[in-house]
$ cat my_file_5.txt   # compact mmCIF, C-alpha atoms
# COMPACT_ATOMS: atom_id res chain seq x y z
CA MET A 54 2.96 -4.55 -38.01
CA ASN A 55 1.87 -1.06 -37.12
CA SER A 56 -1.56 -2.21 -36.08
CA THR A 57 -0.06 -4.73 -33.61
CA LEU A 58 1.93 -1.89 -32.07
CA LEU A 59 -1.19 0.25 -31.74
CA VAL A 60 -3.16 -2.66 -30.28
CA ASN A 61 -0.43 -3.26 -27.73
CA ILE A 62 -0.15 0.39 -26.69
CA SER A 63 -3.91 0.71 -26.26
CA ARG A 64 -3.99 -2.60 -24.36
CA PHE A 65 -1.24 -1.29 -22.05
CA ILE A 66 -3.16 1.89 -21.23
CA LEU A 67 -6.61 0.29 -21.02
CA LEU A 68 -5.53 -2.57 -18.76
CA LEU A 69 -3.73 -0.17 -16.41
CA ALA A 70 -6.76 2.12 -16.27
CA VAL A 71 -9.14 -0.77 -15.58
CA GLN A 72 -6.78 -2.12 -12.91
CA ILE A 73 -6.41 1.19 -11.10
CA VAL A 74 -9.98 2.41 -11.35
CA ILE A 75 -11.88 -0.84 -10.80
CA PHE A 76 -9.81 -3.79 -9.63
CA ASN A 77 -7.66 -1.90 -7.12
CA ASN A 78 -10.84 -1.14 -5.20
CA MET A 79 -11.87 -4.78 -5.02
CA ASN A 80 -10.94 -6.40 -1.75
CA PHE A 81 -12.36 -9.81 -1.12
CA LEU A 82 -11.95 -10.82 2.54
CA GLY A 83 -9.76 -7.75 3.05
CA PHE A 84 -6.62 -8.96 1.30
CA ILE A 85 -7.43 -10.64 -2.01
CA MET A 86 -7.05 -8.33 -4.98
CA PRO A 87 -7.31 -9.50 -8.60
CA LEU A 88 -4.49 -8.14 -10.77
CA PRO A 89 -5.57 -8.58 -14.39
CA TYR A 90 -3.17 -5.87 -15.62
CA MET A 91 -0.54 -8.60 -16.11
CA LEU A 92 -2.70 -9.81 -19.03
CA PHE A 93 -0.67 -7.33 -21.13
CA ILE A 94 2.41 -9.52 -20.80
CA VAL A 95 0.41 -12.69 -21.43
CA LEU A 96 -1.24 -11.35 -24.60
CA TYR A 97 1.95 -9.82 -26.07
CA PRO A 98 2.64 -11.28 -29.57
CA VAL A 99 4.51 -14.59 -29.38
CA ASN A 100 7.25 -13.59 -31.79
CA GLY A 101 7.37 -9.92 -30.79
CA ASN A 102 10.54 -8.11 -29.79
CA ARG A 103 11.75 -9.46 -26.43
CA ALA A 104 13.66 -6.35 -25.39
CA ALA A 105 10.58 -4.23 -26.08
CA LEU A 106 8.48 -6.60 -23.96
CA LEU A 107 10.97 -6.33 -21.08
CA LEU A 108 10.97 -2.53 -21.22
CA ALA A 109 7.18 -2.36 -21.55
CA SER A 110 6.57 -4.71 -18.64
CA PHE A 111 9.03 -2.76 -16.49
CA LEU A 112 7.09 0.43 -17.25
CA LEU A 113 3.79 -1.35 -16.62
CA GLY A 114 4.95 -2.58 -13.22
CA LEU A 115 6.46 0.76 -12.28
CA THR A 116 3.20 2.57 -13.02
CA MET A 117 1.39 0.11 -10.76
CA ASP A 118 4.01 0.73 -8.07
CA VAL A 119 3.50 4.47 -8.25
CA PHE A 120 -0.21 4.00 -7.72
CA SER A 121 0.06 1.46 -4.91
CA ASN A 122 3.04 2.94 -3.01
CA SER A 123 5.08 -0.24 -3.22
CA GLY A 124 8.52 0.75 -4.51
CA GLY A 125 9.54 -1.67 -7.27
CA VAL A 126 7.55 -4.75 -6.33
CA HIS A 127 5.19 -4.88 -9.29
CA ALA A 128 8.02 -3.94 -11.70
CA ALA A 129 10.16 -6.87 -10.51
CA ALA A 130 7.24 -9.32 -10.74
CA CYS A 131 6.31 -8.17 -14.26
CA LEU A 132 9.94 -8.38 -15.40
CA THR A 133 10.31 -11.91 -14.08
CA LEU A 134 7.18 -13.00 -15.91
CA ALA A 135 8.27 -11.27 -19.13
CA TYR A 136 11.68 -12.92 -18.97
CA LEU A 137 10.33 -16.40 -18.27
CA ARG A 138 7.57 -16.13 -20.90
CA PRO A 139 9.36 -18.14 -23.65
CA SER A 140 9.97 -21.02 -21.23
CA ILE A 141 6.31 -21.06 -20.23
CA PHE A 142 5.36 -21.11 -23.92
CA LYS A 143 7.68 -24.05 -24.43
CA PHE A 144 6.10 -25.88 -21.51
CA SER A 145 2.48 -25.26 -22.49
CA PHE A 146 2.55 -25.42 -26.29
CA GLY A 147 5.49 -27.73 -26.99
CA ILE A 148 9.03 -27.04 -28.19
CA SER A 149 8.10 -25.81 -31.65
CA TYR A 150 5.81 -23.07 -30.34
CA GLU A 151 7.57 -20.42 -32.43
CA TYR A 152 6.39 -21.97 -35.68
CA GLN A 153 2.77 -22.31 -34.66
CA THR A 154 0.32 -19.47 -34.87
CA ILE A 155 -0.66 -19.21 -31.24
CA LYS A 156 -3.56 -16.92 -30.47
CA LEU A 157 -4.15 -16.55 -26.79
CA ASN A 158 -7.27 -14.43 -26.91
CA ASP A 159 -9.48 -17.15 -28.30
CA VAL A 160 -11.54 -20.07 -27.03
CA LEU A 161 -10.07 -21.53 -23.84
CA THR A 162 -8.16 -24.74 -24.50
CA PRO A 163 -6.15 -26.70 -21.89
CA GLU A 164 -2.88 -25.35 -23.39
CA ARG A 165 -4.01 -21.73 -23.16
CA PHE A 166 -5.37 -22.25 -19.67
CA SER A 167 -2.14 -23.84 -18.43
CA PHE A 168 -0.15 -20.95 -19.94
CA ILE A 169 -2.27 -18.33 -18.18
CA LEU A 170 -2.22 -20.31 -14.92
CA ILE A 171 1.58 -20.64 -14.81
CA SER A 172 2.08 -16.99 -15.76
CA VAL A 173 -0.27 -15.79 -13.04
CA VAL A 174 1.32 -18.02 -10.39
CA ILE A 175 4.85 -16.84 -11.26
CA HIS A 176 3.82 -13.19 -11.27
CA HIS A 177 1.89 -13.35 -8.00
CA PHE A 178 4.45 -15.43 -6.15
CA THR A 179 7.28 -12.99 -6.98
CA LEU A 180 5.01 -10.08 -6.15
CA PHE A 181 3.95 -11.28 -2.71
CA ILE A 182 7.42 -12.48 -1.71
CA LEU A 183 8.90 -9.08 -2.47
CA GLU A 184 5.99 -7.29 -0.88
CA ALA A 185 6.24 -9.13 2.43
CA PHE A 186 10.07 -9.10 2.35
CA GLN A 187 10.23 -11.35 5.41
CA VAL A 188 10.47 -15.11 5.78
CA SER A 189 8.15 -15.07 8.78
CA PHE A 190 5.22 -14.32 6.50
CA PHE A 191 5.75 -17.55 4.51
CA TRP A 192 2.27 -19.07 4.99
CA ASP A 193 0.73 -15.69 4.51
CA ILE A 194 2.55 -15.36 1.18
CA LEU A 195 1.35 -18.79 0.04
CA ILE A 196 -2.26 -18.13 0.98
CA ARG A 197 -2.24 -14.74 -0.70
CA THR A 198 -0.68 -16.19 -3.84
CA LEU A 199 -3.20 -19.03 -4.06
CA LEU A 200 -6.34 -17.00 -3.43
CA SER A 201 -5.28 -14.03 -5.55
CA THR A 202 -4.33 -16.39 -8.40
CA VAL A 203 -7.85 -17.77 -8.47
CA PHE A 204 -9.41 -14.32 -8.66
CA THR A 205 -6.89 -12.99 -11.19
CA ILE A 206 -7.48 -15.94 -13.50
CA ILE A 207 -11.24 -15.50 -13.33
CA SER A 208 -10.96 -11.80 -14.13
CA CYS A 209 -8.39 -12.49 -16.89
CA ILE A 210 -10.65 -15.01 -18.61
CA ILE A 211 -13.61 -12.65 -18.37
CA ILE A 212 -11.53 -9.84 -19.93
CA ILE A 213 -10.23 -12.13 -22.70
CA TYR A 214 -13.80 -13.12 -23.60
CA LEU A 215 -14.93 -9.50 -23.50
CA ILE A 216 -12.23 -8.10 -25.79
CA LYS A 217 -12.06 -11.09 -28.15
CA PRO A 218 -11.46 -9.40 -31.52
CA ASN A 219 -13.04 -10.02 -34.97
CA LYS A 220 -15.71 -12.63 -34.45
CA ARG A 221 -16.23 -14.39 -37.72
CA MET B 146 37.15 -6.68 -28.07
CA GLN B 147 35.16 -8.33 -30.85
CA GLN B 148 34.31 -11.15 -28.49
CA ILE B 149 33.05 -8.81 -25.79
CA PHE B 150 30.74 -7.13 -28.28
CA ASN B 151 29.57 -10.50 -29.53
CA PHE B 152 28.84 -11.56 -25.99
CA ILE B 153 26.86 -8.41 -25.31
CA PHE B 154 24.84 -8.74 -28.52
CA ARG B 155 24.14 -12.40 -27.93
CA ASN B 156 22.92 -11.85 -24.40
CA SER B 157 21.32 -8.45 -24.89
CA THR B 158 17.89 -9.52 -23.56
CA ARG B 159 19.43 -11.18 -20.54
CA ILE B 160 21.52 -8.12 -19.74
CA LEU B 161 18.53 -5.82 -20.17
CA PHE B 162 16.50 -8.09 -17.89
CA LEU B 163 19.15 -8.11 -15.18
CA LEU B 164 19.62 -4.35 -15.41
CA LEU B 165 15.90 -3.61 -15.06
CA LEU B 166 15.56 -6.22 -12.32
CA CYS B 167 18.35 -4.51 -10.39
CA ILE B 168 16.56 -1.18 -10.68
CA SER B 169 13.30 -2.64 -9.41
CA PHE B 170 15.07 -4.42 -6.54
CA LEU B 171 16.74 -1.17 -5.56
CA LEU B 172 13.38 0.58 -5.55
CA THR B 173 11.89 -2.27 -3.50
CA ILE B 174 14.62 -2.12 -0.90
CA GLN B 175 14.32 1.62 -0.73
CA ALA B 176 10.57 1.28 -0.25
CA HIS B 177 11.08 -1.01 2.73
CA SER B 178 13.31 1.46 4.53
CA TYR B 179 11.60 4.07 6.61
CA HIS B 180 11.93 7.20 4.52
CA ARG B 181 11.25 6.31 0.94
CA SER B 182 11.98 7.70 -2.48
CA LYS B 183 9.80 10.62 -3.39
CA ILE B 184 9.04 9.71 -6.99
CA ILE B 185 7.54 6.25 -6.61
CA SER B 186 4.72 7.27 -4.33
CA SER B 187 1.09 8.06 -4.88
CA ALA B 188 1.64 11.66 -3.76
CA ASN B 189 3.04 12.75 -7.11
CA TYR B 190 1.17 14.92 -9.55
CA LEU B 191 -0.10 12.19 -11.88
CA SER B 192 -1.23 9.53 -9.43
CA GLY B 193 -2.51 12.04 -6.89
CA GLY B 194 -4.63 13.68 -9.57
CA VAL B 195 -6.00 10.35 -10.79
CA TYR B 196 -6.87 9.25 -7.25
CA GLU B 197 -8.58 12.57 -6.54
CA ASN B 198 -10.77 12.16 -9.63
CA ILE B 199 -11.63 8.58 -8.72
CA ASN B 200 -12.43 9.66 -5.19
CA ASN B 201 -14.71 12.44 -6.44
CA VAL B 202 -16.91 9.74 -7.95
CA SER B 203 -16.69 7.06 -5.28
CA GLU B 204 -17.27 9.58 -2.50
CA TYR B 205 -20.98 9.64 -3.31
CA LEU B 206 -21.32 5.98 -2.44
CA ASN B 207 -20.61 6.47 1.26
CA LEU B 208 -21.79 10.05 1.61
CA LYS B 209 -24.40 9.04 4.13
CA THR B 210 -22.06 7.33 6.58
CA GLN B 211 -19.60 10.21 6.34
CA ASN B 212 -22.38 12.69 7.04
CA ASP B 213 -23.47 10.69 10.05
CA ALA B 214 -19.93 10.58 11.41
CA LEU B 215 -19.49 14.34 11.00
CA ALA B 216 -22.90 15.03 12.57
CA ILE B 217 -22.04 12.87 15.59
CA GLU B 218 -18.77 14.68 16.04
CA ASN B 219 -20.46 18.06 15.69
CA ALA B 220 -22.92 17.07 18.38
CA ARG B 221 -20.10 16.03 20.68
CA LEU B 222 -18.23 19.29 20.16
CA LYS B 223 -21.42 21.31 20.65
CA SER B 224 -22.08 19.53 23.92
CA ILE B 225 -18.59 20.41 25.13
CA LEU B 226 -19.12 24.01 24.09
CA PHE B 227 -22.48 24.33 25.85
CA ALA B 228 -21.32 22.50 28.93
CA THR B 229 -18.77 25.22 29.69
CA THR B 230 -21.12 27.56 31.48
CA ASP B 231 -18.20 29.37 33.07
CA SER B 232 -17.37 32.27 30.79
CA ILE B 233 -13.86 32.56 32.22
CA SER B 234 -12.76 29.32 30.65
CA ILE B 235 -13.57 30.58 27.12
CA THR B 236 -11.51 33.73 27.52
CA LYS B 237 -8.75 31.61 28.95
CA LEU B 238 -8.80 29.49 25.81
CA GLU B 239 -8.48 32.54 23.58
CA LYS B 240 -5.62 33.92 25.61
CA THR B 241 -3.58 30.79 25.27
CA LYS B 242 -4.08 30.67 21.53
CA GLU B 243 -0.75 32.32 20.83
CA ASN B 244 1.27 29.47 22.18
CA GLN B 245 -1.10 26.69 21.25
CA PRO B 246 0.98 23.52 21.00
CA TYR B 247 -0.98 21.96 18.12
CA ASP B 248 -2.65 23.18 14.91
CA ILE B 249 -5.14 21.12 12.94
CA VAL B 250 -5.41 20.80 9.15
CA VAL B 251 -8.57 19.15 7.81
CA SER B 252 -7.98 16.77 4.93
CA LYS B 253 -9.66 14.01 2.96
CA VAL B 254 -8.45 10.47 2.25
CA ILE B 255 -8.42 10.03 -1.53
CA HIS B 256 -6.83 6.59 -1.57
CA ASN B 257 -6.78 3.94 1.12
CA SER B 258 -5.01 0.59 1.06
CA TYR B 259 -5.33 -2.08 3.73
CA ASN B 260 -4.70 -5.37 1.94
CA VAL B 261 -0.89 -5.56 1.94
CA HIS B 262 1.71 -5.56 4.72
CA GLU B 263 2.82 -1.99 4.15
CA ASN B 264 -0.26 0.13 3.78
CA TYR B 265 -0.33 3.80 2.84
CA LEU B 266 -3.10 6.36 2.54
CA THR B 267 -3.09 9.32 0.17
CA LEU B 268 -4.51 12.66 1.36
CA ASN B 269 -5.54 15.63 -0.75
CA SER B 270 -3.56 18.25 1.13
CA GLY B 271 0.18 18.76 0.88
CA ALA B 272 3.06 21.15 1.38
CA LEU B 273 0.96 24.13 0.24
CA GLN B 274 -1.29 23.59 3.26
CA GLY B 275 1.75 23.34 5.50
CA VAL B 276 1.83 19.55 5.77
CA LYS B 277 5.29 18.10 6.41
CA SER B 278 6.53 14.57 6.93
CA ASP B 279 6.23 13.07 10.44
CA MET B 280 3.02 14.85 11.33
CA GLY B 281 0.28 12.84 13.03
CA VAL B 282 -3.02 11.98 11.34
CA ILE B 283 -6.20 11.23 13.32
CA ASN B 284 -9.94 11.24 12.73
CA ASN B 285 -12.93 11.60 15.01
CA LEU B 286 -12.63 8.00 16.26
CA GLY B 287 -8.90 7.86 16.85
CA LEU B 288 -5.46 7.32 15.44
CA VAL B 289 -4.91 6.88 11.67
CA GLY B 290 -1.18 7.21 10.94
CA ILE B 291 1.85 9.43 10.35
CA ILE B 292 2.61 11.58 7.27
CA ASP B 293 5.34 10.04 5.13
CA ASN B 294 5.92 12.03 1.92
CA THR B 295 4.43 15.28 0.73
CA SER B 296 4.10 16.91 -2.66
CA PRO B 297 2.67 20.42 -3.19
CA LYS B 298 -0.92 19.20 -3.29
CA TYR B 299 -0.93 15.66 -1.91
CA SER B 300 0.66 13.63 0.86
CA THR B 301 1.04 9.97 1.76
CA VAL B 302 0.43 8.56 5.22
CA ILE B 303 1.98 5.48 6.85
CA SER B 304 -1.17 3.85 8.15
CA ILE B 305 -1.12 2.17 11.58
CA LEU B 306 -1.81 -0.94 9.51
CA ASN B 307 1.80 -0.97 8.31
CA VAL B 308 4.40 -3.38 9.69
CA LYS B 309 6.91 -0.51 9.65
CA SER B 310 4.86 1.80 11.84
CA ARG B 311 5.81 2.11 15.51
CA ILE B 312 3.87 4.52 17.69
CA ASN B 313 4.23 5.28 21.38
CA ALA B 314 1.04 4.38 23.26
CA LYS B 315 -0.11 3.83 26.82
CA ILE B 316 -2.86 2.28 28.88
CA LYS B 317 -5.21 5.09 29.82
CA LYS B 318 -5.86 3.92 33.37
CA SER B 319 -2.38 3.07 34.57
CA ASN B 320 -0.11 5.21 32.36
CA HIS B 321 2.15 2.28 31.43
CA PHE B 322 3.85 2.83 28.09
CA GLY B 323 4.41 0.49 25.16
CA SER B 324 4.96 0.51 21.40
CA LEU B 325 2.10 0.07 18.98
CA ILE B 326 2.92 -2.20 16.02
CA TRP B 327 0.95 -4.22 13.46
CA ASP B 328 1.60 -7.92 12.78
CA GLY B 329 0.13 -7.70 9.26
CA LYS B 330 -2.78 -10.05 9.90
CA SER B 331 -6.13 -8.43 10.64
CA THR B 332 -7.26 -4.93 9.70
CA GLY B 333 -9.24 -4.50 12.92
CA PHE B 334 -6.44 -5.25 15.40
CA VAL B 335 -2.98 -3.89 16.25
CA GLN B 336 -0.47 -5.00 18.89
CA LEU B 337 0.91 -3.12 21.87
CA ILE B 338 4.29 -4.57 22.85
CA ASP B 339 6.88 -3.98 25.55
CA VAL B 340 4.39 -3.23 28.33
CA PRO B 341 6.04 -4.06 31.70
CA ARG B 342 4.64 -6.95 33.79
CA LEU B 343 3.89 -4.56 36.62
CA ALA B 344 1.02 -3.00 34.72
CA ALA B 345 -2.46 -3.94 35.90
CA ILE B 346 -4.28 -4.88 32.74
CA ARG B 347 -7.85 -5.88 32.20
CA LYS B 348 -9.70 -6.80 29.05
CA GLY B 349 -11.63 -3.81 27.71
CA ASP B 350 -9.26 -1.14 29.02
CA THR B 351 -8.70 1.79 26.68
CA ILE B 352 -5.37 2.35 24.91
CA VAL B 353 -4.44 5.95 24.06
CA THR B 354 -1.39 7.68 22.58
CA GLY B 355 1.38 8.37 25.05
CA GLY B 356 2.95 11.74 25.70
CA GLN B 357 6.45 10.64 24.78
CA SER B 358 6.33 11.45 21.08
CA VAL B 359 6.13 14.96 19.68
CA ILE B 360 4.01 13.69 16.79
CA PHE B 361 0.77 13.12 18.68
CA PRO B 362 -0.71 14.95 21.63
CA GLU B 363 -1.39 12.79 24.66
CA ASN B 364 -4.64 10.84 25.13
CA ILE B 365 -5.84 10.32 21.58
CA ASN B 366 -8.01 7.20 21.44
CA ILE B 367 -6.62 4.10 19.75
CA GLY B 368 -8.66 1.09 20.85
CA THR B 369 -9.55 -1.35 23.61
CA ILE B 370 -7.63 -4.35 24.94
CA ASP B 371 -8.84 -7.54 23.33
CA LYS B 372 -6.28 -10.18 24.34
CA VAL B 373 -3.26 -10.22 26.66
CA GLU B 374 -0.24 -12.51 26.28
CA ILE B 375 3.11 -12.69 28.04
CA ASP B 376 6.20 -12.93 25.88
CA ASP B 377 8.25 -15.90 27.19
CA GLN B 378 11.63 -14.43 26.32
CA THR B 379 11.31 -10.80 27.31
CA HIS B 380 8.66 -11.15 30.06
CA TYR B 381 6.78 -8.19 28.74
CA TYR B 382 3.10 -8.10 27.87
CA THR B 383 2.00 -8.33 24.25
CA ILE B 384 -1.49 -6.88 24.04
CA THR B 385 -3.88 -7.23 21.10
CA VAL B 386 -5.75 -3.96 20.69
CA LYS B 387 -9.12 -3.73 18.95
CA LEU B 388 -9.15 -0.45 17.02
CA PHE B 389 -11.94 2.10 17.45
CA ASN B 390 -11.37 3.10 13.83
CA ASP B 391 -12.58 1.08 10.88
CA MET B 392 -9.42 1.45 8.80
CA THR B 393 -11.18 0.10 5.71
CA ASN B 394 -13.57 3.04 5.65
CA LEU B 395 -11.92 6.41 6.16
CA GLY B 396 -13.25 9.76 5.01
CA HIS B 397 -12.20 13.06 6.55
CA VAL B 398 -9.09 13.15 8.72
CA TYR B 399 -7.22 15.76 10.75
CA ILE B 400 -3.50 16.40 10.39
CA ILE B 401 -1.85 17.53 13.62
CA LYS B 402 0.84 20.19 13.30
CA SER B 403 2.96 20.41 16.39
CA ASN B 404 4.14 24.00 16.89
CA ASN B 405 6.71 23.23 19.58
CA ARG B 406 8.30 20.43 17.66
CA GLU B 407 11.42 22.19 16.40
CA GLU B 408 12.03 23.74 19.77
CA LEU B 409 11.77 20.37 21.45
CA ASN B 410 13.99 18.66 18.88
CA ASN B 411 16.65 21.35 19.19
CA LEU B 412 16.56 21.13 22.96
CA GLU B 413 16.99 17.38 22.91
CA LYS B 414 19.84 17.69 20.40
CA THR B 415 21.76 20.21 22.47
CA THR B 416 21.25 18.10 25.59
CA LYS B 417 22.66 15.07 23.85
CA ASN B 418 25.66 16.99 22.51
CA GLU B 419 26.70 18.30 25.87
$ encode --input "my_file_5.txt" --output "structure tokens"
Amino acid sequence: MNSTLLVNISRFILLLAVQIVIFNNMNFLGFIMPLPYMLFIVLYPVNGNRAALLLASFLLGLTMDVFSNSGGVHAAACLTLAYLRPSIFKFSFGISYEYQTIKLNDVLTPERFSFILISVVIHHFTLFILEAFQVSFFWDILIRTLLSTVFTIISCIIIIYLIKPNKR
Amino acid sequence: MQQIFNFIFRNSTRILFLLLLCISFLLTIQAHSYHRSKIISSANYLSGGVYENINNVSEYLNLKTQNDALAIENARLKSILFATTDSISITKLEKTKENQPYDIVVSKVIHNSYNVHENYLTLNSGALQGVKSDMGVINNLGLVGIIDNTSPKYSTVISILNVKSRINAKIKKSNHFGSLIWDGKSTGFVQLIDVPRLAAIRKGDTIVTGGQSVIFPENINIGTIDKVEIDDQTHYYTITVKLFNDMTNLGHVYIIKSNNREELNNLEKTTKNE
């Protein structure tokens, strides 16, 4: 139990550091930025404490906001994702997901991919809506969501393969 | 009473979620208003320090271009200096130093964003160097933005690539005024709106800052006219301006301190009150 806590805390810090130092400086075509820091919420243990996840994702988002001067945009997006996570699990892995031993950081199966895809889309869509804050930017929001989703998923999968623990 | 407690326990995650969501919405709304909260900005001690360290490393990557830019500007200033053969003009300059309208603080951009609708820069000089909010920021090519928040060592700048920014500007040739805004689309172009139809406008004309704001001195370069449209409803020109500055690559900048600002503000206030 304690080791999961330690793994999660180090994941929190490492993902934030990688996001701020490396991925925040990536700008494809001037406006597409991969945001793999939300992998923390995706990789959180399936049966872990929900309140702790909500608090942790709020802190995660708020730290990103401090670094990107955006108020509470990232915090709101992370919270939404953290709150909707059980429903996404139910959709991707079936109703009895709580009784299975789901490991997300493993070989990519269709279920895992669909889970990551839906999570990223929800997170990015909330993020860009709140960031633009105007209906007149609707197409802009959609394009940003779509393109950034592609790049975030690619970076997420690369990170998952890189940090895949205990190869047997 | 028992039932209320039961309700709270049963829905504890939902209540926590709504509470935190409210906080983040509040912060978001606050961030979209003009003067923002001081804590959630990259000028604070932690994030400013991190950005400075990152910048110390990444600076080396574009050292050459920065050196070239500074060398070009040095050459320009030298040529102005040597061109003034009349020795009277130099003494004149020194005499007027006491009531110089503007002071300059040199600073460095340690974080630059240009990929969202509300872009901010972070500079490595703050209140200790005398930087206050609403000061103008320029570089050797032209306009950069306006200071937003300051901490003792760092400050944030509302970039001209920010849909909230609104700067008074004019057409250099004809002195017609307008407001400079950004439509949030391309990093190389901004829009000049509310220019009267009377103005004679040609593609390629230079746009400079107007003298109506106390933030910027007059005649600081902004860009050239790229496209001209007429707004059907207001019958004013909407001009697309191609920036001289490459906002995606900023190094050293100058912060403009206006010395007469308080005097001017007080004067305008008393005039309004009378």
$ interface_residues --input "my_file_5.txt" --of "chain B" --to "chain A" --cutoff "7 Å" --atoms "only C-alpha atoms" --output "list in words"
Thr158, Phe162, Leu166, Ser169, Phe170, Leu172, Thr173, Gln175, Ala176, Ile185, Ser186, Ser187, Ser192, Ile199, Asn260, Val261, His262 and Tyr265 of chain B
$ atom_distance --input "my_file_5.txt" --atom1 "atom CA of B:Gly349" --atom2 "atom CA of B:Gly368"
8.9 Å
$ residues_around --input "my_file_5.txt" --residues "stretch 278-294 of chain B" --least-positions-apart "3" --cutoff "7 Å" --atoms "all atoms listed in the file" --output "list of chain:residue names"
B:Lys183, B:Glu218, B:Ser300, B:Thr301, B:Val302, B:Ile303, B:Ser304, B:Ile305, B:Ile360, B:Phe361, B:Ile365, B:Asn366, B:Ile367, B:Phe389, B:Asn390, B:His397, B:Val398, B:Tyr399, B:Ile400, B:Ile401, B:Lys402
$ atom_distance --input "my_file_5.txt" --atom1 "atom CA of B:Tyr381" --atom2 "atom CA of B:Leu343"
9.1 Å
$ closest_atom_pairs --input "my_file_5.txt" --of "stretch 219-322 of chain B" --to "stretch 330-341 of chain B" --cutoff "12 Å" --atoms "all atoms listed in the file" --output "tab-separated table"
residue	atom	partner	partner_atom	distance
B:Ser258	CA	B:Thr332	CA	10.5
B:Tyr259	CA	B:Thr332	CA	6.9
B:Asn260	CA	B:Thr332	CA	8.2
B:Val261	CA	B:Lys330	CA	9.3
B:His262	CA	B:Lys330	CA	8.2
B:Glu263	CA	B:Lys330	CA	11.4
B:Asn264	CA	B:Thr332	CA	10.5
B:Leu288	CA	B:Val335	CA	11.5
B:Val289	CA	B:Val335	CA	11.9
B:Ser304	CA	B:Thr332	CA	10.8
B:Ile305	CA	B:Val335	CA	7.9
B:Leu306	CA	B:Thr332	CA	6.8
B:Asn307	CA	B:Val335	CA	9.7
B:Val308	CA	B:Lys330	CA	9.8
B:Ser310	CA	B:Val335	CA	10.6
B:Arg311	CA	B:Leu337	CA	9.6
B:Ile312	CA	B:Leu337	CA	9.2
B:Asn313	CA	B:Leu337	CA	9.0
B:Ala314	CA	B:Leu337	CA	7.6
B:Lys315	CA	B:Val340	CA	8.5
B:Ile316	CA	B:Val340	CA	9.1
B:Ser319	CA	B:Val340	CA	11.2
B:Asn320	CA	B:Val340	CA	10.4
B:His321	CA	B:Val340	CA	6.7
B:Phe322	CA	B:Val340	CA	6.1
$ closest_residue --input "my_file_5.txt" --among "B:Lys372, B:His380, B:Lys318, B:Lys209" --to "B:Asp350" --atoms "all atoms listed in the file"
B:Lys318
$ atom_distance --input "my_file_5.txt" --atom1 "atom CA of B:Gly355" --atom2 "atom CA of B:Ser324"
9.4 Å
$ closest_residue --input "my_file_5.txt" --among "A:Ile196, A:His176, A:Thr202, A:Leu67" --to "A:Met91" --atoms "all atoms listed in the file"
A:His176
